[in-house]
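Q: Data: upload.tsv, TSV, C-alpha atoms.
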```
chain	number	residue	atom	x	y	z
A	82	MET	CA	4.32	-9.51	-9.42
A	83	PHE	CA	6.50	-8.69	-6.42
A	84	VAL	CA	5.90	-6.75	-3.21
A	85	PHE	CA	8.66	-5.71	-0.83
A	86	GLY	CA	7.42	-4.47	2.49
A	87	SER	CA	6.33	-4.77	6.08
A	88	ILE	CA	4.58	-7.63	7.83
A	89	ASN	CA	2.81	-6.72	11.08
A	90	MET	CA	0.25	-7.98	13.49
A	91	ASP	CA	-2.42	-5.30	13.87
A	92	VAL	CA	-3.81	-4.82	17.38
A	93	ILE	CA	-7.08	-2.92	16.87
A	94	THR	CA	-9.09	-1.24	19.59
A	95	THR	CA	-12.36	0.59	18.97
A	96	CYS	CA	-13.70	3.59	20.90
A	97	GLU	CA	-16.32	6.29	20.58
A	98	ARG	CA	-13.71	8.96	19.81
A	99	HIS	CA	-9.96	9.37	19.75
A	100	PRO	CA	-8.40	10.65	22.98
A	101	ALA	CA	-6.80	14.07	23.20
A	102	ILE	CA	-3.18	14.39	24.33
A	103	GLY	CA	-2.94	13.22	27.94
A	104	GLU	CA	-6.52	11.90	27.95
A	105	THR	CA	-7.74	8.34	28.61
A	106	VAL	CA	-10.90	7.01	26.96
A	107	LEU	CA	-12.56	3.63	27.33
A	108	GLY	CA	-12.43	1.25	24.40
A	109	THR	CA	-15.29	-0.98	23.33
A	110	SER	CA	-13.36	-3.94	21.84
A	111	VAL	CA	-9.93	-5.27	20.95
A	112	SER	CA	-8.96	-7.66	18.17
A	113	PHE	CA	-5.89	-9.02	16.39
A	114	HIS	CA	-5.65	-8.95	12.59
A	115	PRO	CA	-2.85	-9.78	10.14
A	116	GLY	CA	-1.51	-6.56	8.62
A	117	GLY	CA	1.50	-4.51	7.62
A	118	LYS	CA	1.58	-2.52	4.39
A	119	GLY	CA	3.65	-5.09	2.54
A	120	ALA	CA	1.47	-8.00	3.64
A	121	ASN	CA	-1.76	-6.10	2.91
A	122	GLN	CA	-0.63	-5.10	-0.57
A	123	ALA	CA	0.60	-8.61	-1.36
A	124	ILE	CA	-2.76	-10.09	-0.33
A	125	ALA	CA	-4.65	-7.54	-2.45
A	126	ALA	CA	-2.42	-8.33	-5.43
A	127	ALA	CA	-2.83	-12.08	-4.92
A	128	ARG	CA	-6.63	-11.72	-4.70
A	129	CYS	CA	-6.57	-9.87	-8.02
A	130	LEU	CA	-3.83	-11.72	-9.88
A	131	GLY	CA	-4.02	-15.16	-8.28
A	132	GLU	CA	-0.41	-15.01	-7.10
A	133	CYS	CA	2.14	-12.62	-5.61
A	134	THR	CA	5.64	-12.95	-4.18
A	135	LEU	CA	6.40	-11.07	-0.96
A	136	PHE	CA	9.86	-10.11	0.29
A	137	GLY	CA	10.09	-9.15	3.95
A	138	SER	CA	10.95	-10.32	7.46
A	139	VAL	CA	9.14	-11.56	10.58
A	140	GLY	CA	10.36	-12.46	14.06
A	141	ALA	CA	10.73	-15.98	15.38
A	142	ASP	CA	7.64	-15.56	17.57
A	143	ASP	CA	3.95	-16.48	17.61
A	144	PHE	CA	2.91	-13.42	15.60
A	145	GLY	CA	5.48	-14.31	12.94
A	146	GLY	CA	4.15	-17.86	12.59
A	147	GLN	CA	0.58	-16.59	12.41
A	148	MET	CA	1.46	-14.05	9.74
A	149	LEU	CA	3.25	-16.58	7.53
A	150	ALA	CA	0.33	-19.00	7.77
A	151	PHE	CA	-2.19	-16.29	6.91
A	152	LEU	CA	-0.19	-15.07	3.92
A	153	LYS	CA	0.12	-18.59	2.51
A	154	GLU	CA	-3.61	-19.17	2.97
A	155	ASN	CA	-4.24	-16.07	0.87
A	156	GLY	CA	-2.10	-17.06	-2.09
A	157	VAL	CA	1.06	-15.14	-1.20
A	158	ASP	CA	4.42	-16.80	-1.88
A	159	THR	CA	6.40	-16.39	1.37
A	160	THR	CA	9.50	-18.30	0.27
A	161	ASN	CA	11.49	-15.08	0.44
A	162	VAL	CA	10.19	-13.90	3.83
A	163	ALA	CA	13.05	-14.18	6.32
A	164	ILE	CA	12.61	-15.25	9.95
A	165	ALA	CA	14.77	-13.04	12.20
A	166	SER	CA	15.60	-14.99	15.35
A	167	GLY	CA	16.82	-11.95	17.29
A	168	SER	CA	13.87	-9.66	16.62
A	169	SER	CA	10.11	-9.49	17.17
A	170	THR	CA	7.49	-9.39	14.44
A	171	GLY	CA	6.28	-5.87	13.62
A	172	VAL	CA	3.21	-4.64	15.51
A	173	ALA	CA	0.72	-1.88	14.63
A	174	LEU	CA	-1.41	-0.40	17.41
A	175	ILE	CA	-4.60	0.93	15.77
A	176	THR	CA	-7.38	2.96	17.35
A	177	VAL	CA	-10.65	3.22	15.40
A	178	ASP	CA	-13.44	5.64	16.34
A	179	GLN	CA	-17.19	5.28	15.72
A	180	ARG	CA	-16.88	7.00	12.31
A	181	GLY	CA	-14.31	4.45	11.14
A	182	ASP	CA	-11.37	6.90	11.24
A	183	ASN	CA	-8.13	5.55	12.66
A	184	THR	CA	-4.79	6.49	14.19
A	185	ILE	CA	-1.86	4.07	13.95
A	186	VAL	CA	1.45	3.59	15.74
A	187	VAL	CA	3.79	1.04	14.13
A	188	THR	CA	6.71	-0.67	15.87
A	189	PRO	CA	8.73	-2.13	12.94
A	190	GLY	CA	10.63	-4.91	14.71
A	191	ALA	CA	11.92	-7.43	12.15
A	192	ASN	CA	10.78	-5.24	9.26
A	193	GLU	CA	13.90	-3.11	9.77
A	194	LEU	CA	15.99	-6.19	8.89
A	195	ALA	CA	14.16	-6.97	5.62
A	196	LYS	CA	16.32	-7.54	2.52
A	197	ALA	CA	15.25	-7.05	-1.07
A	198	PRO	CA	16.19	-9.55	-3.81
A	199	ARG	CA	19.51	-8.81	-5.44
A	200	SER	CA	18.59	-9.84	-9.00
A	201	PHE	CA	15.66	-10.44	-11.34
A	202	ASP	CA	17.71	-12.62	-13.74
A	203	ALA	CA	15.46	-15.66	-13.21
A	204	VAL	CA	12.23	-13.71	-13.75
A	205	SER	CA	10.44	-14.28	-17.05
A	206	GLY	CA	8.94	-11.14	-18.56
A	207	ARG	CA	9.15	-7.65	-17.12
A	208	PRO	CA	8.61	-7.57	-13.34
A	209	VAL	CA	6.08	-5.29	-11.63
A	210	VAL	CA	7.46	-4.34	-8.21
A	211	LEU	CA	5.61	-2.50	-5.42
A	212	ALA	CA	7.09	-1.11	-2.20
A	213	GLN	CA	6.16	1.23	0.66
A	214	LEU	CA	8.25	2.98	3.32
A	215	GLU	CA	7.94	0.59	6.29
A	216	SER	CA	11.12	-1.17	5.08
A	217	PRO	CA	14.71	0.13	4.77
A	218	ILE	CA	14.83	2.82	2.06
A	219	ASP	CA	18.29	1.79	0.83
A	220	GLU	CA	16.94	-1.71	0.17
A	221	ILE	CA	13.97	-0.29	-1.75
A	222	ALA	CA	16.28	1.88	-3.88
A	223	ARG	CA	18.48	-1.11	-4.68
A	224	LEU	CA	15.43	-3.23	-5.54
A	225	PHE	CA	13.95	-0.58	-7.85
A	226	ALA	CA	17.24	-0.11	-9.68
A	227	GLU	CA	17.46	-3.87	-10.28
A	228	ALA	CA	13.84	-4.07	-11.43
A	229	GLN	CA	14.20	-1.19	-13.88
A	230	ALA	CA	17.40	-2.71	-15.24
A	231	ALA	CA	15.33	-5.83	-15.97
A	232	GLY	CA	12.80	-3.70	-17.88
A	233	GLY	CA	10.25	-3.75	-15.07
A	234	THR	CA	7.76	-1.27	-13.62
A	235	THR	CA	8.47	0.06	-10.13
A	236	ILE	CA	5.65	1.45	-7.98
A	237	LEU	CA	6.30	3.39	-4.78
A	238	ASN	CA	3.66	4.04	-2.13
A	239	PRO	CA	5.44	6.63	0.10
A	240	SER	CA	3.66	5.68	3.32
A	241	PRO	CA	4.32	6.43	6.10
A	242	TYR	CA	5.80	9.51	4.48
A	243	ARG	CA	9.43	10.43	5.04
A	244	SER	CA	12.11	12.24	3.08
A	245	LEU	CA	12.61	10.60	-0.31
A	246	PRO	CA	16.14	10.41	-1.73
A	247	ALA	CA	16.51	11.49	-5.35
A	248	GLU	CA	18.10	8.18	-6.35
A	249	LEU	CA	15.00	6.29	-5.22
A	250	LEU	CA	12.62	8.50	-7.19
A	251	GLN	CA	14.86	8.27	-10.25
A	252	SER	CA	14.28	4.50	-10.19
A	253	THR	CA	10.52	4.83	-9.61
A	254	SER	CA	8.06	4.45	-12.49
A	255	ILE	CA	4.86	5.32	-10.61
A	256	VAL	CA	4.11	6.97	-7.26
A	257	ILE	CA	0.79	6.25	-5.48
A	258	LEU	CA	0.00	8.66	-2.64
A	259	ASN	CA	-2.99	10.06	-0.78
A	260	ALA	CA	-3.87	13.72	-0.26
A	261	HIS	CA	-1.93	13.91	3.03
A	262	GLU	CA	1.21	12.46	1.40
A	263	PHE	CA	0.71	14.77	-1.61
A	264	ARG	CA	0.82	17.76	0.74
A	265	GLN	CA	3.99	16.46	2.38
A	266	LEU	CA	5.55	15.94	-1.05
A	267	THR	CA	4.57	19.27	-2.64
A	268	GLY	CA	3.75	21.47	0.37
A	269	ARG	CA	0.14	21.96	-0.80
A	270	GLN	CA	-3.18	20.15	-0.85
A	271	PRO	CA	-4.23	18.69	-4.24
A	272	ALA	CA	-5.96	21.40	-6.26
A	273	ALA	CA	-9.58	20.93	-7.33
A	274	ASN	CA	-8.62	21.83	-10.89
A	275	LEU	CA	-6.80	18.94	-12.58
A	276	GLN	CA	-4.50	21.21	-14.56
A	277	GLU	CA	-3.41	22.88	-11.32
A	278	VAL	CA	-2.53	19.45	-9.91
A	279	THR	CA	-0.18	18.95	-12.84
A	280	ALA	CA	1.42	22.33	-12.12
A	281	GLN	CA	1.80	21.45	-8.44
A	282	LEU	CA	3.62	18.23	-9.33
A	283	SER	CA	5.80	19.99	-11.88
A	284	SER	CA	6.90	22.55	-9.31
A	285	ALA	CA	7.80	19.95	-6.66
A	286	ASP	CA	11.48	20.13	-5.77
A	287	LEU	CA	11.98	16.44	-6.54
A	288	PRO	CA	12.71	14.33	-9.65
A	289	LEU	CA	9.18	12.89	-9.83
A	290	PRO	CA	8.50	9.83	-12.00
A	291	CYS	CA	6.47	9.94	-15.20
A	292	CYS	CA	3.23	8.99	-13.43
A	293	VAL	CA	1.66	10.00	-10.12
A	294	VAL	CA	-1.62	8.54	-8.82
A	295	ILE	CA	-3.35	10.54	-6.08
A	296	THR	CA	-6.02	8.72	-4.06
A	297	LEU	CA	-8.81	10.87	-2.64
A	298	GLY	CA	-11.06	8.43	-0.75
A	299	GLN	CA	-14.71	8.70	-1.75
A	300	ALA	CA	-13.76	11.49	-4.17
A	301	GLY	CA	-11.93	8.93	-6.31
A	302	ALA	CA	-8.42	9.30	-7.67
A	303	ILE	CA	-6.33	11.38	-10.08
A	304	VAL	CA	-3.95	9.84	-12.60
A	305	ALA	CA	-1.34	12.42	-13.65
A	306	GLU	CA	0.95	11.15	-16.39
A	307	ARG	CA	3.71	13.29	-17.86
A	308	GLY	CA	2.85	14.57	-21.32
A	309	ARG	CA	-0.87	13.86	-21.00
A	310	ALA	CA	-3.88	15.62	-19.49
A	311	PRO	CA	-4.62	14.32	-15.96
A	312	ILE	CA	-7.57	11.96	-15.52
A	313	ARG	CA	-10.03	11.87	-12.63
A	314	VAL	CA	-11.34	8.44	-11.65
A	315	ALA	CA	-14.79	8.58	-10.05
A	316	GLY	CA	-15.16	7.53	-6.43
A	317	HIS	CA	-17.77	5.37	-4.69
A	318	LYS	CA	-19.97	6.35	-1.76
A	319	VAL	CA	-20.01	3.52	0.78
A	320	GLU	CA	-20.64	3.24	4.52
A	321	PRO	CA	-17.14	2.87	6.03
A	322	LEU	CA	-16.53	0.45	8.85
A	323	ASN	CA	-12.75	0.73	9.10
A	324	THR	CA	-10.36	2.65	6.85
A	325	THR	CA	-7.32	0.61	7.97
A	326	GLY	CA	-5.58	-0.87	4.92
A	327	VAL	CA	-7.70	0.90	2.29
A	328	GLY	CA	-4.66	2.59	0.74
A	329	ASP	CA	-2.82	-0.74	0.71
A	330	CYS	CA	-5.76	-2.35	-1.05
A	331	PHE	CA	-5.68	0.31	-3.77
A	332	ALA	CA	-1.91	0.05	-4.27
A	333	GLY	CA	-1.78	-3.76	-4.37
A	334	TRP	CA	-4.79	-4.02	-6.67
A	335	PHE	CA	-3.49	-1.26	-8.97
A	336	ALA	CA	-0.10	-2.98	-9.34
A	337	ALA	CA	-1.73	-6.35	-10.03
A	338	GLU	CA	-3.97	-4.86	-12.71
A	339	LEU	CA	-0.93	-3.29	-14.39
A	340	ALA	CA	0.78	-6.69	-14.26
A	341	GLN	CA	-2.16	-8.03	-16.27
A	342	GLY	CA	-1.72	-5.38	-18.95
A	343	ARG	CA	-4.39	-2.87	-17.89
A	344	THR	CA	-3.97	0.82	-18.71
A	345	LEU	CA	-3.18	3.24	-15.90
A	346	GLU	CA	-6.73	4.61	-15.94
A	347	ASP	CA	-8.40	1.20	-15.95
A	348	ALA	CA	-6.07	-0.09	-13.23
A	349	ALA	CA	-6.93	2.93	-11.06
A	350	ARG	CA	-10.67	2.48	-11.69
A	351	ARG	CA	-10.57	-1.16	-10.65
A	352	ALA	CA	-8.29	-0.50	-7.68
A	353	ASN	CA	-10.68	2.21	-6.51
A	354	ALA	CA	-13.57	-0.27	-6.57
A	355	ALA	CA	-11.54	-2.81	-4.58
A	356	ALA	CA	-10.66	-0.14	-2.00
A	357	ALA	CA	-14.34	0.87	-1.68
A	358	ILE	CA	-15.22	-2.72	-0.81
A	359	SER	CA	-12.36	-3.11	1.67
A	360	VAL	CA	-13.34	-0.03	3.69
A	361	THR	CA	-16.68	-1.66	4.57
A	362	ARG	CA	-14.93	-4.56	6.35
A	363	ALA	CA	-12.97	-5.06	9.56
A	364	GLY	CA	-9.23	-5.58	9.63
A	365	ALA	CA	-6.61	-4.83	7.01
A	366	GLY	CA	-5.41	-8.03	5.32
A	367	PRO	CA	-8.75	-9.83	5.87
A	368	SER	CA	-10.67	-6.91	4.28
A	369	MET	CA	-9.16	-7.37	0.82
A	370	PRO	CA	-11.91	-8.36	-1.66
A	371	LYS	CA	-11.91	-11.21	-4.14
A	372	LYS	CA	-11.72	-10.50	-7.86
A	373	THR	CA	-15.29	-11.68	-8.44
A	374	GLU	CA	-16.49	-9.20	-5.81
A	375	VAL	CA	-14.76	-6.33	-7.59
A	376	GLU	CA	-16.20	-7.34	-10.95
A	377	THR	CA	-19.70	-7.54	-9.44
A	378	PHE	CA	-19.23	-4.15	-7.73
A	379	LEU	CA	-18.20	-2.51	-11.00
A	380	CYS	CA	-21.14	-4.01	-12.85
A	381	GLY	CA	-23.55	-2.75	-10.20
```
Starting from the file, give its structure as structure tokens.

A:
Amino acid sequence: MFVFGSINMDVITTCERHPAIGETVLGTSVSFHPGGKGANQAIAAARCLGECTLFGSVGADDFGGQMLAFLKENGVDTTNVAIASGSSTGVALITVDQRGDNTIVVTPGANELAKAPRSFDAVSGRPVVLAQLESPIDEIARLFAEAQAAGGTTILNPSPYRSLPAELLQSTSIVILNAHEFRQLTGRQPAANLQEVTAQLSSADLPLPCCVVITLGQAGAIVAERGRAPIRVAGHKVEPLNTTGVGDCFAGWFAAELAQGRTLEDAARRANAAAAISVTRAGAGPSMPKKTEVETFLCG
């Protein structure tokens, strides 16, 4: 299982409410947590699968050293994480209000220099590869083409959303996106009727892959696979503490479950449970649950 993506230090401040444009509000706390979509997803996958290889880049600074140590402590293979001497480690500035909703500004830093592996020749079996959009898109496209040539499964989480080149989507097996990203992709909110969701995806002016997974928070998720009726995965009502990293938890856990041979529906159901647990905890990377916790949650 491979993840290619960003590695950031998250600087989190909490406040009663988010400020309006031009307004200053007082925060109640500040904390530093390991994060970045690539790092978060790799940790989630490692918690589920027991191992995960991450490709990315950090700066030769204190944040970079802290991130590498944290990733290793959480079972992530960082052998292929480059240390960029002329750049700083990526930083995410996160504001969280009293309801647990957040706004995020990411400064990529060394993430913009990240390189994907050039070959999967030495990989036994068919690789499962997950990427997001906090790394160079041309590197992701090259990686996905290599992975598919090796018979692998490529999973794209288009976050933060930006224009997607056709050649990238043509090399993508599965897209995982939330309702906001769905609207940016199709121009409309996900329909309440599952059949209408299929029609919305079919009418999108893009060469979409054979499977799209739409995450809907507490409302669950939708698995729309070409040639089959869409499936709704039930959500979980929990008391959210911080939604930072919840989408990363879902994506990493989903990919890891597929790597273990789960069906799309079962992988989505288990990933949804993992995400429900993570939203009740502080931080992004540190909020990822253990596999035993997910199993217990599902049994409850």

Q: Smallest atom-to-atom distance to A:Ala340: which of A:Thr234, A:Ser200, A:Thr176, A:Gln229, using only C-alpha atoms?

A: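 Ranking A:Thr234, A:Ser200, A:Thr176, A:Gln229 by distance to A:Ala340, first place goes to A:Thr234.
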
Q: Tell me which of A:Ile303, A:Leu275, A:Cys96, A:Ile88 sits closest to A:Gly181, counting only C-alpha atoms.

A: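 Under the stated criterion, the closest residue is A:Cys96.
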
Q: Out of A:Glu262, A:Glu193, A:Glu154, A:Asp91, which residue has the shortest atom-to-atom distance to A:Val139 when counting all atoms listed in the file?

A: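 For A:Val139, the nearest of the candidates is A:Glu193.
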
Q: Just how far from atom CA of A:Val157 is atom CA of A:Lys371, in Å to one decimal?

A: 13.9 Å

Q: Could you check the closest approach to A:Thr344 for each of A:Val304, A:Val360, A:Ala226, A:Ala150 and tell me which residue wins, using all atoms listed in the file?

A: A:Val304

Q: Please, what distance in Å, to one decimal, runs between atom CA of A:Ile312 and atom CA of A:Arg269?

A: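 These two atoms are separated by 19.4 Å.
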
Q: Which one is closest to A:Val84: A:Leu214, A:Ala231, A:Leu245, A:Val375? Count all atoms listed in the file.

A: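 The answer is A:Leu214, which sits nearest to A:Val84.
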
Q: To box stretch 166-184 of chain A, take all atoms listed in the file, fit an axis-aligned box, add 3 Å on each side, and give centre and edge lengths in Å to one decimal, as AutoDock Vina command-line options.

A:
```
--center_x -0.2 --center_y -4.0 --center_z 14.3 --size_x 40.0 --size_y 28.0 --size_z 12.3
```

Q: For the interface of stretch 90-184 of chain A with stretch 322-331 of chain A (cut-off 12 Å, counting all atoms listed in the file), please tabulate each contacting residue of stretch 90-184 of chain A alongside its nearest pair of atoms and their separation in Å to one decimal, rows sorted by chain and increasing number, as CSV.

A:
```
residue,atom,partner,partner_atom,distance
A:Asp91,CA,A:Thr325,CA,9.7
A:Val92,CA,A:Thr325,CA,11.4
A:Ile93,CA,A:Thr325,CA,9.6
A:Thr94,CA,A:Asn323,CA,11.3
A:Thr95,CA,A:Asn323,CA,9.9
A:His114,CA,A:Thr325,CA,10.7
A:Pro115,CA,A:Gly326,CA,10.7
A:Gly116,CA,A:Gly326,CA,7.9
A:Gly117,CA,A:Gly326,CA,8.4
A:Lys118,CA,A:Asp329,CA,6.0
A:Gly119,CA,A:Asp329,CA,8.0
A:Ala120,CA,A:Asp329,CA,8.9
A:Asn121,CA,A:Asp329,CA,5.9
A:Gln122,CA,A:Asp329,CA,5.0
A:Ala123,CA,A:Asp329,CA,8.8
A:Ile124,CA,A:Cys330,CA,8.3
A:Ala125,CA,A:Cys330,CA,5.5
A:Ala126,CA,A:Cys330,CA,8.1
A:Ala127,CA,A:Cys330,CA,10.9
A:Arg128,CA,A:Cys330,CA,10.1
A:Cys129,CA,A:Cys330,CA,10.3
A:Ala173,CA,A:Thr325,CA,10.7
A:Leu174,CA,A:Thr325,CA,11.2
A:Ile175,CA,A:Thr325,CA,8.3
A:Thr176,CA,A:Thr325,CA,9.7
A:Val177,CA,A:Asn323,CA,7.1
A:Asp178,CA,A:Asn323,CA,8.8
A:Gln179,CA,A:Leu322,CA,8.4
A:Arg180,CA,A:Leu322,CA,7.4
A:Gly181,CA,A:Asn323,CA,4.5
A:Asp182,CA,A:Thr324,CA,6.2
A:Asn183,CA,A:Thr325,CA,6.9
A:Thr184,CA,A:Thr325,CA,8.9
```

Q: Between atom CA of A:Arg309 and atom CA of A:Gln341, what is the distance in Å, rounded to a tenth?

A: 22.4 Å

Q: I'd like to know which of A:Thr267, A:Ser254, A:Ser110, A:Asn89 is closest to A:Arg307, using all atoms listed in the file.

A: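 Looking only at the distances to A:Arg307, the closest residue turns out to be A:Ser254.
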
Q: Contacts of A:Asn192 at 10 Å or less, counting all atoms listed in the file, minus same-chain residues fewer than 2 places along, as a VMD selection string?

A: chain A and resid 86 to 89 117 119 137 to 140 163 165 168 to 172 188 to 190 194 to 196 215 to 217

Q: Only C-alpha atoms, please: stretch 242-330 of chain A from the block, as a PDB file, in the first residue's frame.

A:
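See decode-v9.pdb below for the written result:
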```pdb
ATOM      1  CA  TYR A 242      -9.988  20.701  -5.353  1.00  0.00           C
ATOM      2  CA  ARG A 243      -8.464  22.100  -8.523  1.00  0.00           C
ATOM      3  CA  SER A 244      -8.877  21.479 -12.235  1.00  0.00           C
ATOM      4  CA  LEU A 245      -8.259  17.821 -13.049  1.00  0.00           C
ATOM      5  CA  PRO A 246      -6.484  16.961 -16.301  1.00  0.00           C
ATOM      6  CA  ALA A 247      -8.112  14.223 -18.380  1.00  0.00           C
ATOM      7  CA  GLU A 248      -4.920  12.155 -18.450  1.00  0.00           C
ATOM      8  CA  LEU A 249      -4.927  11.931 -14.648  1.00  0.00           C
ATOM      9  CA  LEU A 250      -8.543  10.776 -14.461  1.00  0.00           C
ATOM     10  CA  GLN A 251      -7.925   8.250 -17.231  1.00  0.00           C
ATOM     11  CA  SER A 252      -5.324   6.625 -14.959  1.00  0.00           C
ATOM     12  CA  THR A 253      -7.575   6.759 -11.869  1.00  0.00           C
ATOM     13  CA  SER A 254      -9.487   3.679 -10.707  1.00  0.00           C
ATOM     14  CA  ILE A 255     -11.468   5.292  -7.873  1.00  0.00           C
ATOM     15  CA  VAL A 256     -12.242   8.887  -6.875  1.00  0.00           C
ATOM     16  CA  ILE A 257     -13.096   9.710  -3.238  1.00  0.00           C
ATOM     17  CA  LEU A 258     -14.615  13.163  -2.744  1.00  0.00           C
ATOM     18  CA  ASN A 259     -16.893  15.007  -0.335  1.00  0.00           C
ATOM     19  CA  ALA A 260     -20.083  16.905  -1.178  1.00  0.00           C
ATOM     20  CA  HIS A 261     -18.202  20.196  -1.690  1.00  0.00           C
ATOM     21  CA  GLU A 262     -15.740  18.564  -4.111  1.00  0.00           C
ATOM     22  CA  PHE A 263     -18.642  16.773  -5.851  1.00  0.00           C
ATOM     23  CA  ARG A 264     -20.242  20.164  -6.537  1.00  0.00           C
ATOM     24  CA  GLN A 265     -16.965  21.512  -7.913  1.00  0.00           C
ATOM     25  CA  LEU A 266     -16.624  18.446 -10.126  1.00  0.00           C
ATOM     26  CA  THR A 267     -20.196  18.295 -11.460  1.00  0.00           C
ATOM     27  CA  GLY A 268     -21.530  21.810 -10.793  1.00  0.00           C
ATOM     28  CA  ARG A 269     -24.300  20.467  -8.515  1.00  0.00           C
ATOM     29  CA  GLN A 270     -24.815  19.189  -4.987  1.00  0.00           C
ATOM     30  CA  PRO A 271     -25.221  15.394  -4.633  1.00  0.00           C
ATOM     31  CA  ALA A 272     -28.868  14.497  -5.226  1.00  0.00           C
ATOM     32  CA  ALA A 273     -30.871  12.842  -2.448  1.00  0.00           C
ATOM     33  CA  ASN A 274     -32.003  10.164  -4.895  1.00  0.00           C
ATOM     34  CA  LEU A 275     -29.197   7.682  -5.582  1.00  0.00           C
ATOM     35  CA  GLN A 276     -30.176   7.190  -9.213  1.00  0.00           C
ATOM     36  CA  GLU A 277     -29.951  10.942  -9.750  1.00  0.00           C
ATOM     37  CA  VAL A 278     -26.413  10.876  -8.346  1.00  0.00           C
ATOM     38  CA  THR A 279     -25.490   8.372 -11.037  1.00  0.00           C
ATOM     39  CA  ALA A 280     -26.988  10.666 -13.675  1.00  0.00           C
ATOM     40  CA  GLN A 281     -25.068  13.639 -12.284  1.00  0.00           C
ATOM     41  CA  LEU A 282     -21.791  11.730 -12.537  1.00  0.00           C
ATOM     42  CA  SER A 283     -22.607  10.493 -16.027  1.00  0.00           C
ATOM     43  CA  SER A 284     -23.241  14.038 -17.230  1.00  0.00           C
ATOM     44  CA  ALA A 285     -19.989  15.425 -15.797  1.00  0.00           C
ATOM     45  CA  ASP A 286     -17.776  16.815 -18.555  1.00  0.00           C
ATOM     46  CA  LEU A 287     -14.851  14.633 -17.478  1.00  0.00           C
ATOM     47  CA  PRO A 288     -13.666  11.052 -18.154  1.00  0.00           C
ATOM     48  CA  LEU A 289     -14.629   9.792 -14.678  1.00  0.00           C
ATOM     49  CA  PRO A 290     -13.252   6.455 -13.436  1.00  0.00           C
ATOM     50  CA  CYS A 291     -15.389   3.358 -12.968  1.00  0.00           C
ATOM     51  CA  CYS A 292     -16.012   4.088  -9.278  1.00  0.00           C
ATOM     52  CA  VAL A 293     -16.771   7.267  -7.331  1.00  0.00           C
ATOM     53  CA  VAL A 294     -17.160   7.358  -3.533  1.00  0.00           C
ATOM     54  CA  ILE A 295     -18.939  10.420  -2.124  1.00  0.00           C
ATOM     55  CA  THR A 296     -18.498  11.085   1.601  1.00  0.00           C
ATOM     56  CA  LEU A 297     -21.362  12.885   3.332  1.00  0.00           C
ATOM     57  CA  GLY A 298     -20.240  13.228   6.969  1.00  0.00           C
ATOM     58  CA  GLN A 299     -22.819  11.943   9.446  1.00  0.00           C
ATOM     59  CA  ALA A 300     -25.096  11.093   6.504  1.00  0.00           C
ATOM     60  CA  GLY A 301     -22.669   8.343   5.494  1.00  0.00           C
ATOM     61  CA  ALA A 302     -21.321   7.764   2.003  1.00  0.00           C
ATOM     62  CA  ILE A 303     -22.394   6.780  -1.510  1.00  0.00           C
ATOM     63  CA  VAL A 304     -20.546   4.198  -3.588  1.00  0.00           C
ATOM     64  CA  ALA A 305     -21.337   4.713  -7.283  1.00  0.00           C
ATOM     65  CA  GLU A 306     -19.802   2.045  -9.492  1.00  0.00           C
ATOM     66  CA  ARG A 307     -20.285   2.015 -13.250  1.00  0.00           C
ATOM     67  CA  GLY A 308     -22.722  -0.656 -14.375  1.00  0.00           C
ATOM     68  CA  ARG A 309     -24.212  -1.188 -10.916  1.00  0.00           C
ATOM     69  CA  ALA A 310     -26.878   0.495  -8.794  1.00  0.00           C
ATOM     70  CA  PRO A 311     -25.317   2.998  -6.341  1.00  0.00           C
ATOM     71  CA  ILE A 312     -25.064   1.982  -2.689  1.00  0.00           C
ATOM     72  CA  ARG A 313     -25.600   4.196   0.351  1.00  0.00           C
ATOM     73  CA  VAL A 314     -23.429   3.432   3.380  1.00  0.00           C
ATOM     74  CA  ALA A 315     -25.068   4.452   6.659  1.00  0.00           C
ATOM     75  CA  GLY A 316     -23.469   7.196   8.726  1.00  0.00           C
ATOM     76  CA  HIS A 317     -22.811   7.476  12.466  1.00  0.00           C
ATOM     77  CA  LYS A 318     -24.008  10.205  14.806  1.00  0.00           C
ATOM     78  CA  VAL A 319     -21.151  11.275  17.064  1.00  0.00           C
ATOM     79  CA  GLU A 320     -20.255  14.419  19.008  1.00  0.00           C
ATOM     80  CA  PRO A 321     -17.549  16.094  16.879  1.00  0.00           C
ATOM     81  CA  LEU A 322     -14.548  17.679  18.527  1.00  0.00           C
ATOM     82  CA  ASN A 323     -12.538  18.548  15.417  1.00  0.00           C
ATOM     83  CA  THR A 324     -13.275  17.677  11.788  1.00  0.00           C
ATOM     84  CA  THR A 325      -9.654  18.236  10.687  1.00  0.00           C
ATOM     85  CA  GLY A 326      -8.362  15.124   8.923  1.00  0.00           C
ATOM     86  CA  VAL A 327     -11.664  13.220   8.883  1.00  0.00           C
ATOM     87  CA  GLY A 328     -11.659  12.970   5.076  1.00  0.00           C
ATOM     88  CA  ASP A 329      -8.046  11.795   5.160  1.00  0.00           C
ATOM     89  CA  CYS A 330      -8.966   9.125   7.685  1.00  0.00           C
TER      90      CYS A 330
END
```
